[in-house]
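One structure is given below, encoded as structure tokens.
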Amino acid sequence: MSSSTARTLSPAAAARPPVPRRLRPARCTGGSAAAAETITAAPARVTTVSNRGDTLPICRVLNGMWQTSGGWGPIDRDVAVDAMLAYADAGLTTFDMADHYGPAEDLYGMFINKVRRERPPELLEEVKGLTKWVPPPVKMTRKYVEDNINRSRKRMDVAALDMLQFHWWDYSNPGYLDALKHITDLKEEGKIKTVALTNFDTERLQTILENGIPVVSNQVQHSIVDMRPQQRMAELCQLTGVKLITYGTVMGGLLSEKFLDTNVSIPFAGPPLNTPSLQKYKRMVDAWGGWSLFQALLQTLRKVSLKHGVSIATVAVRYILNQVFSFASTPSWLHDCDVFIHGSGTNHDLSFWLLVEQTSVAGSMVGVRLGLSEHIKDTNAIFSLELDEEDMNSITEASKKGRNLMDIIGDCGDEYRA
């Protein structure tokens, strides 16, 4: 890694969050710049995450494959692969998985081979497989990292991983920097196309960027109930060009008509919380404000959904995709920082982009129960849904009636490190 990948800050800036590099904001392909920076126009289907010369186009709604890891029902592999083809044929071409999501990487390998055999080259080019590596906090040697990356490449049957999203459990162990440097080296060797993170907080993302790691995105929990990413994380991301990929956006199904006008606290009175996701996000509801306040939020979402003829879940995802970040003024800690804009390597006047609202969320996850159920129609409706200012304001007002989970849980990813 060359010494030119980082800039040294002046002593006055040492205590402030530095910004290693300002990159060109990701632009949606197939849409104008204005479409990427407004809260009302329909979003383009595809956007690009990037850092320096690394770029990856992804669908703005990703097919989340966590549900293949167990707890949602049995998976028939052939049926699951056919279901993946149906999603891809419908334009939902980005799949998110992990090394520990049961057979997810193997299913992707079967799927991508079927795409190669049975679909035109254009679809093969559009399909993207994003995976995660979640290692134990052991010594991160080059061999250990490479062996694990090669295992994912073999399972997914690809020469290079489209995106490797890295997770680390214990921040007190600085081995995550060693791992990411090895991952970056493997990217330079052609085994990985883009480097990303999952569930890292703002402080550690800043440290990683300072160390010259070309991170394109950070995958974090984000929903109308959990707006933590729009606080410290969004500010750093907008200054550096890193994008957010969100999961938990429909809260495992809690943000749906199924749970409207129900009382899950009374046994058998409401739908069962019978999946790991429903149980997890019910705990988030409790921390945010409880079931009664959540019902008021669902009522607000239902009113908006009826207005537009879509589902509550569709509104919930579109609201998060609409999230923008703008600076009313230059952050005080930024004045003494050397900021690279568009990778030019020179300082620029920040005002031309600090005052522009920019999308902070590149894409949001919607879980897929492959072969068990499908929601292609509702998912595709996200791309044509246009929430107006009244819609956005009413949802924001309902969201703010709950507690700020930053005060209760901490920053992004802290729920996994309590």
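Letters A, B, ... mark the chains of the structure tokens in the order given; residue numbers begin at 1 per chain; ligand numbers begin at 1, in order shown.
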
So that I can see what lies close to Glu390 of chain A, please list as an MDAnalysis selection string the residues with an atom at most 12 Å from it, counting only C-alpha atoms and leaving out residues fewer than 2 positions away in the same chain. chainID A and resid 39:40 300 303:304 307 386:388 392:397

Just the residues within 10 Å of Phe294 of chain A, please, counting only C-alpha atoms, with nothing from its chain fewer than 6 positions along; format it as a ChimeraX atom specification. /A:225,254-255,259-260,282,285-286,288,300,398-399,401-402

Pull the helix (DSSP H, G or I) assignments for segment 71-320 of chain A out of DSSP run on the backbone, and list those residues as JSON, numbers by chain. {"A": [77, 78, 79, 80, 81, 82, 83, 84, 85, 86, 87, 88, 89, 104, 105, 106, 107, 108, 109, 110, 111, 112, 113, 114, 115, 116, 117, 118, 121, 122, 123, 124, 125, 126, 142, 143, 144, 145, 146, 147, 148, 149, 150, 151, 152, 153, 154, 155, 156, 175, 176, 177, 178, 179, 180, 181, 182, 183, 184, 185, 186, 187, 188, 202, 203, 204, 205, 206, 207, 208, 209, 210, 228, 229, 230, 232, 233, 234, 235, 236, 237, 238, 239, 240, 251, 252, 253, 257, 258, 259, 276, 277, 278, 279, 280, 281, 282, 283, 284, 285, 286, 287, 288, 291, 292, 293, 294, 295, 296, 297, 298, 299, 300, 301, 302, 303, 304, 305, 306, 307, 308, 312, 313, 314, 315, 316, 317, 318, 319, 320]}

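Atom CA of Asp106 of chain A to atom CA of Glu122 of chain A spans 22.7 Å [interatomic distance, one decimal].
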
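The space separating atom CA of Ser360 of chain A from atom CA of Ser217 of chain A comes to 10.3 Å.
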
His375 of chain A proximity check over A:Ala90, A:Ala80, A:Ala196, A:Ile58, using only C-alpha atoms: winner is A:Ala90

Quick one, how far is atom CA of Glu257 of chain A from atom CA of Ala44 of chain A?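 We find that atom CA of Glu257 of chain A and atom CA of Ala44 of chain A lie 26.3 Å from each other.
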
Give me the residues within 7 Å of segment 135-152 of chain A as a ChimeraX atom specification, counting only C-alpha atoms and dropping any in the same chain fewer than 6 places off. /A:99,105,168-170,175,178-179,182

Export N, CA, C and O atoms of the chosen residues as a PDB file, in the first residue's frame?
ATOM      1  N   ASP A  99     -20.685 -15.910   4.530  1.00  0.00           N
ATOM      2  CA  ASP A  99     -20.073 -17.227   4.673  1.00  0.00           C
ATOM      3  C   ASP A  99     -20.817 -18.097   5.687  1.00  0.00           C
ATOM      4  O   ASP A  99     -20.762 -19.322   5.621  1.00  0.00           O
ATOM      5  N   GLU A 105     -23.983 -19.203  -0.058  1.00  0.00           N
ATOM      6  CA  GLU A 105     -22.952 -19.064  -1.087  1.00  0.00           C
ATOM      7  C   GLU A 105     -23.012 -20.214  -2.088  1.00  0.00           C
ATOM      8  O   GLU A 105     -22.789 -20.029  -3.288  1.00  0.00           O
ATOM      9  N   TRP A 168     -16.166  -7.521  12.130  1.00  0.00           N
ATOM     10  CA  TRP A 168     -15.219  -7.819  13.205  1.00  0.00           C
ATOM     11  C   TRP A 168     -15.939  -7.679  14.544  1.00  0.00           C
ATOM     12  O   TRP A 168     -16.625  -6.700  14.790  1.00  0.00           O
ATOM     13  N   TRP A 169     -15.784  -8.665  15.398  1.00  0.00           N
ATOM     14  CA  TRP A 169     -16.543  -8.703  16.636  1.00  0.00           C
ATOM     15  C   TRP A 169     -15.981  -7.798  17.726  1.00  0.00           C
ATOM     16  O   TRP A 169     -16.736  -7.187  18.486  1.00  0.00           O
ATOM     17  N   ASP A 170     -14.657  -7.751  17.853  1.00  0.00           N
ATOM     18  CA  ASP A 170     -14.034  -7.164  19.048  1.00  0.00           C
ATOM     19  C   ASP A 170     -13.104  -6.019  18.657  1.00  0.00           C
ATOM     20  O   ASP A 170     -11.998  -6.243  18.178  1.00  0.00           O
ATOM     21  N   GLY A 175      -6.740  -6.498  15.132  1.00  0.00           N
ATOM     22  CA  GLY A 175      -6.480  -7.385  14.006  1.00  0.00           C
ATOM     23  C   GLY A 175      -7.343  -7.102  12.794  1.00  0.00           C
ATOM     24  O   GLY A 175      -7.028  -7.564  11.693  1.00  0.00           O
ATOM     25  N   ASP A 178      -5.277  -5.556  10.108  1.00  0.00           N
ATOM     26  CA  ASP A 178      -4.447  -6.530   9.397  1.00  0.00           C
ATOM     27  C   ASP A 178      -5.273  -7.276   8.354  1.00  0.00           C
ATOM     28  O   ASP A 178      -4.842  -7.463   7.215  1.00  0.00           O
ATOM     29  N   ALA A 179      -6.468  -7.719   8.783  1.00  0.00           N
ATOM     30  CA  ALA A 179      -7.340  -8.459   7.866  1.00  0.00           C
ATOM     31  C   ALA A 179      -7.694  -7.610   6.654  1.00  0.00           C
ATOM     32  O   ALA A 179      -7.638  -8.082   5.509  1.00  0.00           O
ATOM     33  N   HIS A 182      -4.872  -7.270   4.171  1.00  0.00           N
ATOM     34  CA  HIS A 182      -4.740  -8.477   3.350  1.00  0.00           C
ATOM     35  C   HIS A 182      -5.861  -8.547   2.319  1.00  0.00           C
ATOM     36  O   HIS A 182      -5.632  -8.931   1.156  1.00  0.00           O
TER      37      HIS A 182
END

Which residues come within 12 Å of Lys181 of chain A, counting only C-alpha atoms, excluding same-chain residues fewer than 6 positions away, as number ranges by chain? A: 1-2, 140-142, 145-146, 166, 174-175, 187-188, 195, 208-209, 211-215

Nearest candidate to Leu372 of chain A (options A:Gly70, A:Ile183, A:Ser50, A:Asp76; using only C-alpha atoms):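 Closest to Leu372 of chain A, using only C-alpha atoms: A:Asp76.
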
Contacts of segment 312-315 of chain A at 9 Å or less, counting only C-alpha atoms, minus same-chain residues fewer than 5 places along, as number ranges by chain? A: 249-250, 253-257, 298, 301-306, 320, 378-382, 385, 387

I want to know what sits within 8 Å of Ser277 of chain A, based on only C-alpha atoms, with residues of the same chain fewer than 2 positions away left out; could you give that as a PDB file with N, CA, C and O atoms, in the first residue's frame?
ATOM      1  N   MET A 251     -37.887  -4.674   9.075  1.00  0.00           N
ATOM      2  CA  MET A 251     -37.883  -5.240  10.428  1.00  0.00           C
ATOM      3  C   MET A 251     -38.378  -6.679  10.458  1.00  0.00           C
ATOM      4  O   MET A 251     -39.196  -7.057  11.300  1.00  0.00           O
ATOM      5  N   GLY A 252     -37.876  -7.466   9.540  1.00  0.00           N
ATOM      6  CA  GLY A 252     -38.217  -8.881   9.522  1.00  0.00           C
ATOM      7  C   GLY A 252     -39.662  -9.177   9.187  1.00  0.00           C
ATOM      8  O   GLY A 252     -40.123 -10.309   9.335  1.00  0.00           O
ATOM      9  N   THR A 275     -39.832 -16.221  13.878  1.00  0.00           N
ATOM     10  CA  THR A 275     -38.565 -16.270  13.155  1.00  0.00           C
ATOM     11  C   THR A 275     -37.524 -15.474  13.941  1.00  0.00           C
ATOM     12  O   THR A 275     -37.877 -14.588  14.737  1.00  0.00           O
ATOM     13  N   GLN A 279     -38.231 -11.815  16.144  1.00  0.00           N
ATOM     14  CA  GLN A 279     -37.869 -11.708  17.560  1.00  0.00           C
ATOM     15  C   GLN A 279     -36.848 -10.603  17.783  1.00  0.00           C
ATOM     16  O   GLN A 279     -36.945  -9.819  18.732  1.00  0.00           O
ATOM     17  N   LYS A 280     -35.875 -10.507  16.895  1.00  0.00           N
ATOM     18  CA  LYS A 280     -34.850  -9.469  17.016  1.00  0.00           C
ATOM     19  C   LYS A 280     -35.460  -8.076  16.903  1.00  0.00           C
ATOM     20  O   LYS A 280     -35.184  -7.196  17.742  1.00  0.00           O
ATOM     21  N   TYR A 281     -36.290  -7.873  15.888  1.00  0.00           N
ATOM     22  CA  TYR A 281     -36.797  -6.522  15.651  1.00  0.00           C
ATOM     23  C   TYR A 281     -37.929  -6.157  16.606  1.00  0.00           C
ATOM     24  O   TYR A 281     -38.180  -4.965  16.830  1.00  0.00           O
TER      25      TYR A 281
END

Find the residues around Ile409 of chain A up to 12 Å (only C-alpha atoms counted), leave out those fewer than 5 positions away in its own chain, and share them as a ChimeraX atom specification. /A:201,221,226-228,283-284,287-288,403-404,414-418

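Considering only C-alpha atoms, the residue among A:Gln295, A:Thr246, A:Thr55, A:Thr184 positioned nearest to Asn263 of chain A is A:Gln295.
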